[in-house]
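> Below you'll find the structure I mean.
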Amino acid sequence: MRPSPHHARRARGLLGALLTSLVSLAALLTTTPVAQADTTICQPFGTTTIQGRYVVQNNRWGTSATQCITATDSGFRITQADGSVPTNGAPKSYPSVYNGCHYTNCSPGTNLPAQLSTISSAPSGISYGFVNDAAYNASYDIWLDPTPRTDGVNRTEIMIWFNKVGSIQPIGSPVGNANVGGRDWQVWSGNNGGNDVLSFVAPSAISSWNFDVMDFARQAVSRGLAQNNWYLTSVQAGFEPWQNGAGLAVNSFSSTVNKGGSSGDPGTPGGSTACKVAYAASAWQGGFTADVTITNTGASAVSGWKLGFTLPSGQQITSAWNANLSGSSGAVTASNVSHNGELTAGGQATFGFQGTSSGTFTKPSGFNLNGTACTTA
């Protein structure tokens, strides 16, 4: 049927309006980012990628009960967490987001594995969302291995417990306290039958924090659980749930690994780390003072230094000068202040501290400068 003039005008009007709408829609699509739908994963070992650089993994390995996570643009949340396992054993799973390599699955564009000696810093940021009707820890994992492996279990696992709910505890037993990254931690050490585990447990919940992963890696080195020529293979942030867990979330995660050190010299832009340390102490009943002199015996300058050592049992630092200290007992790291950070070849830096002591006074048995062992004078 031939349309009447009225119908024809109406048809042309409708067509014009449709074309105008399509043009407007095209303009909108070219100027406004299209929101990406969240991805839900229920497969036990299912993964997806976020931000084009991190992997989110469901990683349900300790139970046959259903666990589902939903990956968001910046992290993930647990949307279903059925079943429970005894709190005196292994958790149900470790849903997490990571930078690096995990069982041959490497995150896009990662520069891990990387030898500790070549890493100048590894800044990371994390924001958690917690729930109370569950038994779990909020755990940040740092994996270290003597080889640049991208598969299987690494030799040493560092766990940072940002929060724990329920009657759960880390692998091993408490070995003291340490101040790392400007925060106080209870330190646990043990072995789970497959790898060594060094855990740092926060005294109260930490919902968000920006920190340097290398501060914790250096703790492992100073405690003999890693060496300077080992590799950082991945950093991971997530949860270990034992009971329930729905609603737990990593709201945001970031991880960068900056290269710039030289072999044997993590955390230093360059230069030799051959070194000698003189430790002069004066002790009395219940207290002591120590003066420490670092000598750069290498052939080139060191810009920025960190001296690691372990205080003997019963000793605790109460004040210090000419250095910033991380830790007051057990494993301690002294780092330069603004006026003594440059150690020229043959140059020296001196700092000191005062502390309390009990029992027979002894000196630290060894020192490492930026992760490399020093001779003692």
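Residue numbering restarts at 1 for every chain of the structure tokens, chains are lettered A, B, ... in their displayed order, and ligands are numbered from 1 as they appear.
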Residues within 7 Å of Ser252 in chain A, please, as a ChimeraX atom specification. Count only C-alpha atoms; anything in the same chain fewer than 6 positions from it doesn't count.
/A:74-75,126-127
> How would the residues just chosen look if you wrote them out with all heavy atoms as an mmCIF file, in the first residue's frame?

data_model
loop_
_atom_site.group_PDB
_atom_site.id
_atom_site.type_symbol
_atom_site.label_atom_id
_atom_site.label_comp_id
_atom_site.auth_asym_id
_atom_site.auth_seq_id
_atom_site.Cartn_x
_atom_site.Cartn_y
_atom_site.Cartn_z
ATOM 1 N N SER A 74 38.889 -2.813 40.407
ATOM 2 C CA SER A 74 40.046 -2.513 41.251
ATOM 3 C C SER A 74 40.406 -3.617 42.232
ATOM 4 O O SER A 74 41.404 -3.510 42.944
ATOM 5 C CB SER A 74 39.783 -1.228 42.045
ATOM 6 O OG SER A 74 38.592 -1.350 42.817
ATOM 7 N N GLY A 75 39.614 -4.688 42.303
ATOM 8 C CA GLY A 75 39.892 -5.758 43.247
ATOM 9 C C GLY A 75 38.912 -6.898 43.088
ATOM 10 O O GLY A 75 38.600 -7.305 41.973
ATOM 11 N N ILE A 126 47.048 -1.334 49.477
ATOM 12 C CA ILE A 126 45.960 -2.288 49.639
ATOM 13 C C ILE A 126 44.855 -1.660 50.480
ATOM 14 O O ILE A 126 45.126 -0.910 51.425
ATOM 15 C CB ILE A 126 46.469 -3.594 50.304
ATOM 16 C CG1 ILE A 126 45.332 -4.608 50.509
ATOM 17 C CG2 ILE A 126 47.157 -3.298 51.629
ATOM 18 C CD1 ILE A 126 44.832 -5.211 49.240
ATOM 19 N N SER A 127 43.613 -1.948 50.104
ATOM 20 C CA SER A 127 42.457 -1.536 50.893
ATOM 21 C C SER A 127 41.536 -2.745 51.024
ATOM 22 O O SER A 127 41.155 -3.353 50.017
ATOM 23 C CB SER A 127 41.715 -0.379 50.231
ATOM 24 O OG SER A 127 40.503 -0.106 50.904
#
> Write out as a tab-separated table (two decimals) with all heavy atoms, in the first residue's frame which residues come within 8 Å of Leu112 in chain A when counting only C-alpha atoms, dropping same-chain ones fewer than 2 positions away.

chain	number	residue	atom	x	y	z
A	99	ASN	N	50.39	-9.58	41.58
A	99	ASN	CA	51.36	-9.15	40.57
A	99	ASN	C	52.49	-10.16	40.60
A	99	ASN	O	53.07	-10.41	41.65
A	99	ASN	CB	51.88	-7.75	40.88
A	99	ASN	CG	53.04	-7.33	39.98
A	99	ASN	OD1	53.18	-7.81	38.86
A	99	ASN	ND2	53.88	-6.43	40.48
A	100	GLY	N	52.81	-10.76	39.44
A	100	GLY	CA	53.88	-11.73	39.39
A	100	GLY	C	53.40	-13.03	38.79
A	100	GLY	O	52.50	-13.05	37.96
A	101	CYS	N	54.00	-14.13	39.25
A	101	CYS	CA	53.72	-15.45	38.67
A	101	CYS	C	53.28	-16.43	39.74
A	101	CYS	O	53.91	-16.51	40.81
A	101	CYS	CB	54.96	-15.99	37.96
A	101	CYS	SG	55.53	-14.96	36.57
A	110	THR	N	54.19	-8.08	33.93
A	110	THR	CA	54.96	-8.09	35.16
A	110	THR	C	56.46	-8.18	34.89
A	110	THR	O	56.88	-8.76	33.88
A	110	THR	CB	54.53	-9.25	36.07
A	110	THR	OG1	55.19	-9.14	37.33
A	110	THR	CG2	54.86	-10.60	35.45
A	114	ALA	N	62.10	-11.21	39.96
A	114	ALA	CA	63.21	-10.28	39.94
A	114	ALA	C	64.12	-10.57	41.13
A	114	ALA	O	63.64	-10.82	42.24
A	114	ALA	CB	62.72	-8.83	40.00
A	232	LEU	N	62.22	-12.40	44.09
A	232	LEU	CA	60.83	-12.10	44.40
A	232	LEU	C	60.00	-12.56	43.21
A	232	LEU	O	60.20	-12.09	42.09
A	232	LEU	CB	60.65	-10.59	44.63
A	232	LEU	CG	59.23	-10.06	44.79
A	232	LEU	CD1	58.58	-10.62	46.06
A	232	LEU	CD2	59.22	-8.53	44.81
A	233	THR	N	59.06	-13.50	43.44
A	233	THR	CA	58.31	-14.06	42.32
A	233	THR	C	56.88	-13.52	42.23
A	233	THR	O	56.34	-13.43	41.13
A	233	THR	CB	58.24	-15.59	42.41
A	233	THR	OG1	57.51	-15.98	43.59
A	233	THR	CG2	59.66	-16.19	42.48
A	234	SER	N	56.28	-13.17	43.37
A	234	SER	CA	54.94	-12.58	43.29
A	234	SER	C	54.59	-11.91	44.62
A	234	SER	O	55.16	-12.24	45.67
A	234	SER	CB	53.87	-13.64	42.97
A	234	SER	OG	53.67	-14.51	44.05
A	257	VAL	N	57.21	-2.87	41.00
A	257	VAL	CA	58.55	-3.30	41.37
A	257	VAL	C	59.55	-2.46	40.58
A	257	VAL	O	59.60	-2.54	39.35
A	257	VAL	CB	58.77	-4.80	41.09
A	257	VAL	CG1	60.21	-5.20	41.39
A	257	VAL	CG2	57.80	-5.64	41.92
> So which one's closest to Thr318 in chain A, A:His102, A:Leu343, A:Phe351, A:Thr356? Using only C-alpha atoms, please.
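Result for the nearest residue to Thr318 in chain A: A:Thr356.
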> Between CA of Trp188 in chain A and CA of Gly62 in chain A, what distance in Å does the model show, to one decimal?
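A separation of 22.6 Å between them.
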> Based on the backbone DSSP call, show me all residues of range 111-226 of chain A assigned alpha helix (DSSP H), as a list in words.
Val213, Met214, Asp215, Phe216, Ala217, Arg218, Gln219, Ala220, Val221 and Ser222 of chain A
> Output all heavy atoms of each residue in that selection to a file, as a PDB file, in the first residue's frame.

ATOM      1  N   VAL A 213      57.223  -3.393  49.868  1.00  0.00           N
ATOM      2  CA  VAL A 213      57.368  -4.840  50.034  1.00  0.00           C
ATOM      3  C   VAL A 213      58.795  -5.216  50.424  1.00  0.00           C
ATOM      4  O   VAL A 213      59.025  -6.174  51.171  1.00  0.00           O
ATOM      5  CB  VAL A 213      56.949  -5.545  48.730  1.00  0.00           C
ATOM      6  CG1 VAL A 213      57.409  -6.995  48.696  1.00  0.00           C
ATOM      7  CG2 VAL A 213      55.437  -5.462  48.544  1.00  0.00           C
ATOM      8  N   MET A 214      59.775  -4.445  49.960  1.00  0.00           N
ATOM      9  CA  MET A 214      61.169  -4.774  50.235  1.00  0.00           C
ATOM     10  C   MET A 214      61.507  -4.672  51.714  1.00  0.00           C
ATOM     11  O   MET A 214      62.449  -5.316  52.180  1.00  0.00           O
ATOM     12  CB  MET A 214      62.093  -3.892  49.409  1.00  0.00           C
ATOM     13  CG  MET A 214      62.113  -4.223  47.928  1.00  0.00           C
ATOM     14  SD  MET A 214      62.626  -5.932  47.604  1.00  0.00           S
ATOM     15  CE  MET A 214      64.326  -5.882  48.186  1.00  0.00           C
ATOM     16  N   ASP A 215      60.780  -3.872  52.484  1.00  0.00           N
ATOM     17  CA  ASP A 215      61.025  -3.818  53.929  1.00  0.00           C
ATOM     18  C   ASP A 215      60.820  -5.190  54.561  1.00  0.00           C
ATOM     19  O   ASP A 215      61.550  -5.594  55.478  1.00  0.00           O
ATOM     20  CB  ASP A 215      60.104  -2.796  54.591  1.00  0.00           C
ATOM     21  CG  ASP A 215      60.505  -1.354  54.292  1.00  0.00           C
ATOM     22  OD1 ASP A 215      61.656  -1.139  53.879  1.00  0.00           O
ATOM     23  OD2 ASP A 215      59.661  -0.460  54.470  1.00  0.00           O
ATOM     24  N   PHE A 216      59.835  -5.924  54.076  1.00  0.00           N
ATOM     25  CA  PHE A 216      59.567  -7.260  54.604  1.00  0.00           C
ATOM     26  C   PHE A 216      60.525  -8.295  54.006  1.00  0.00           C
ATOM     27  O   PHE A 216      60.947  -9.230  54.700  1.00  0.00           O
ATOM     28  CB  PHE A 216      58.111  -7.647  54.349  1.00  0.00           C
ATOM     29  CG  PHE A 216      57.141  -6.843  55.159  1.00  0.00           C
ATOM     30  CD1 PHE A 216      56.617  -5.649  54.670  1.00  0.00           C
ATOM     31  CD2 PHE A 216      56.761  -7.264  56.430  1.00  0.00           C
ATOM     32  CE1 PHE A 216      55.727  -4.896  55.432  1.00  0.00           C
ATOM     33  CE2 PHE A 216      55.877  -6.515  57.197  1.00  0.00           C
ATOM     34  CZ  PHE A 216      55.355  -5.326  56.701  1.00  0.00           C
ATOM     35  N   ALA A 217      60.878  -8.136  52.738  1.00  0.00           N
ATOM     36  CA  ALA A 217      61.847  -9.047  52.132  1.00  0.00           C
ATOM     37  C   ALA A 217      63.183  -8.969  52.862  1.00  0.00           C
ATOM     38  O   ALA A 217      63.851  -9.990  53.090  1.00  0.00           O
ATOM     39  CB  ALA A 217      62.020  -8.723  50.651  1.00  0.00           C
ATOM     40  N   ARG A 218      63.584  -7.767  53.252  1.00  0.00           N
ATOM     41  CA  ARG A 218      64.848  -7.609  53.979  1.00  0.00           C
ATOM     42  C   ARG A 218      64.779  -8.261  55.353  1.00  0.00           C
ATOM     43  O   ARG A 218      65.789  -8.736  55.882  1.00  0.00           O
ATOM     44  CB  ARG A 218      65.209  -6.133  54.090  1.00  0.00           C
ATOM     45  CG  ARG A 218      65.551  -5.481  52.749  1.00  0.00           C
ATOM     46  CD  ARG A 218      66.062  -4.056  52.924  1.00  0.00           C
ATOM     47  NE  ARG A 218      66.269  -3.433  51.626  1.00  0.00           N
ATOM     48  CZ  ARG A 218      65.444  -2.570  51.060  1.00  0.00           C
ATOM     49  NH1 ARG A 218      64.348  -2.199  51.700  1.00  0.00           N
ATOM     50  NH2 ARG A 218      65.689  -2.061  49.873  1.00  0.00           N
ATOM     51  N   GLN A 219      63.580  -8.288  55.950  1.00  0.00           N
ATOM     52  CA  GLN A 219      63.422  -8.991  57.216  1.00  0.00           C
ATOM     53  C   GLN A 219      63.706 -10.482  57.035  1.00  0.00           C
ATOM     54  O   GLN A 219      64.359 -11.109  57.876  1.00  0.00           O
ATOM     55  CB  GLN A 219      62.006  -8.791  57.758  1.00  0.00           C
ATOM     56  CG  GLN A 219      61.750  -7.435  58.368  1.00  0.00           C
ATOM     57  CD  GLN A 219      62.327  -7.321  59.760  1.00  0.00           C
ATOM     58  OE1 GLN A 219      62.253  -8.248  60.563  1.00  0.00           O
ATOM     59  NE2 GLN A 219      62.913  -6.174  60.060  1.00  0.00           N
ATOM     60  N   ALA A 220      63.225 -11.053  55.947  1.00  0.00           N
ATOM     61  CA  ALA A 220      63.484 -12.468  55.684  1.00  0.00           C
ATOM     62  C   ALA A 220      64.978 -12.719  55.495  1.00  0.00           C
ATOM     63  O   ALA A 220      65.515 -13.713  55.976  1.00  0.00           O
ATOM     64  CB  ALA A 220      62.699 -12.928  54.455  1.00  0.00           C
ATOM     65  N   VAL A 221      65.652 -11.804  54.804  1.00  0.00           N
ATOM     66  CA  VAL A 221      67.092 -11.946  54.603  1.00  0.00           C
ATOM     67  C   VAL A 221      67.827 -11.862  55.938  1.00  0.00           C
ATOM     68  O   VAL A 221      68.705 -12.685  56.241  1.00  0.00           O
ATOM     69  CB  VAL A 221      67.617 -10.870  53.620  1.00  0.00           C
ATOM     70  CG1 VAL A 221      69.146 -10.870  53.582  1.00  0.00           C
ATOM     71  CG2 VAL A 221      67.044 -11.084  52.222  1.00  0.00           C
ATOM     72  N   SER A 222      67.475 -10.881  56.752  1.00  0.00           N
ATOM     73  CA  SER A 222      68.176 -10.697  58.026  1.00  0.00           C
ATOM     74  C   SER A 222      67.939 -11.851  58.983  1.00  0.00           C
ATOM     75  O   SER A 222      68.758 -12.093  59.876  1.00  0.00           O
ATOM     76  CB  SER A 222      67.750  -9.373  58.676  1.00  0.00           C
ATOM     77  OG  SER A 222      66.413  -9.440  59.148  1.00  0.00           O
TER      78      SER A 222
END
> For Ile168 in chain A, which of A:Gln243, A:Thr118, A:Val187, A:Asn192 is the closest residue, counting only C-alpha atoms?
A:Gln243
> For range 147-149 of chain A, please output as a ChimeraX atom specification all residues within 9 Å (counting only C-alpha atoms; exclusion window: fewer than 2 positions along the same chain).
/A:101,104,112-115,144-145,151-154,229-233
> Quick one: residues within 10 Å of Gly238 in chain A, only C-alpha atoms, excluding same-chain residues fewer than 6 positions away - as an MDAnalysis selection string?
chainID A and resid 56:58 75:77 93:98 126 128 137:141 248:250 253
> So which bits of range 274-339 of chain A end up strand (DSSP E) when you DSSP the backbone, as number ranges by chain?
A: 275-284, 287-296, 302-303, 306-310, 316-321, 324-326, 331-335
> Can you measure CA of Pro203 in chain A to CA of Asn88 in chain A for me? One decimal in Å is fine.
20.4 Å
> Using only C-alpha atoms, which of A:Gly176, A:Gly194, A:Gly52, A:Gly308 sits nearest Arg155 in chain A?
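Smallest separation from Arg155 in chain A among the options: A:Gly194.
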> If we count only C-alpha atoms and set the cut-off at 7 Å, which residues sit around range 323-326 of chain A, ignoring sequence neighbours fewer than 6 positions away in its own chain? Please answer as a PyMOL selection string.
chain A and resi 179-180+182+332-337+351
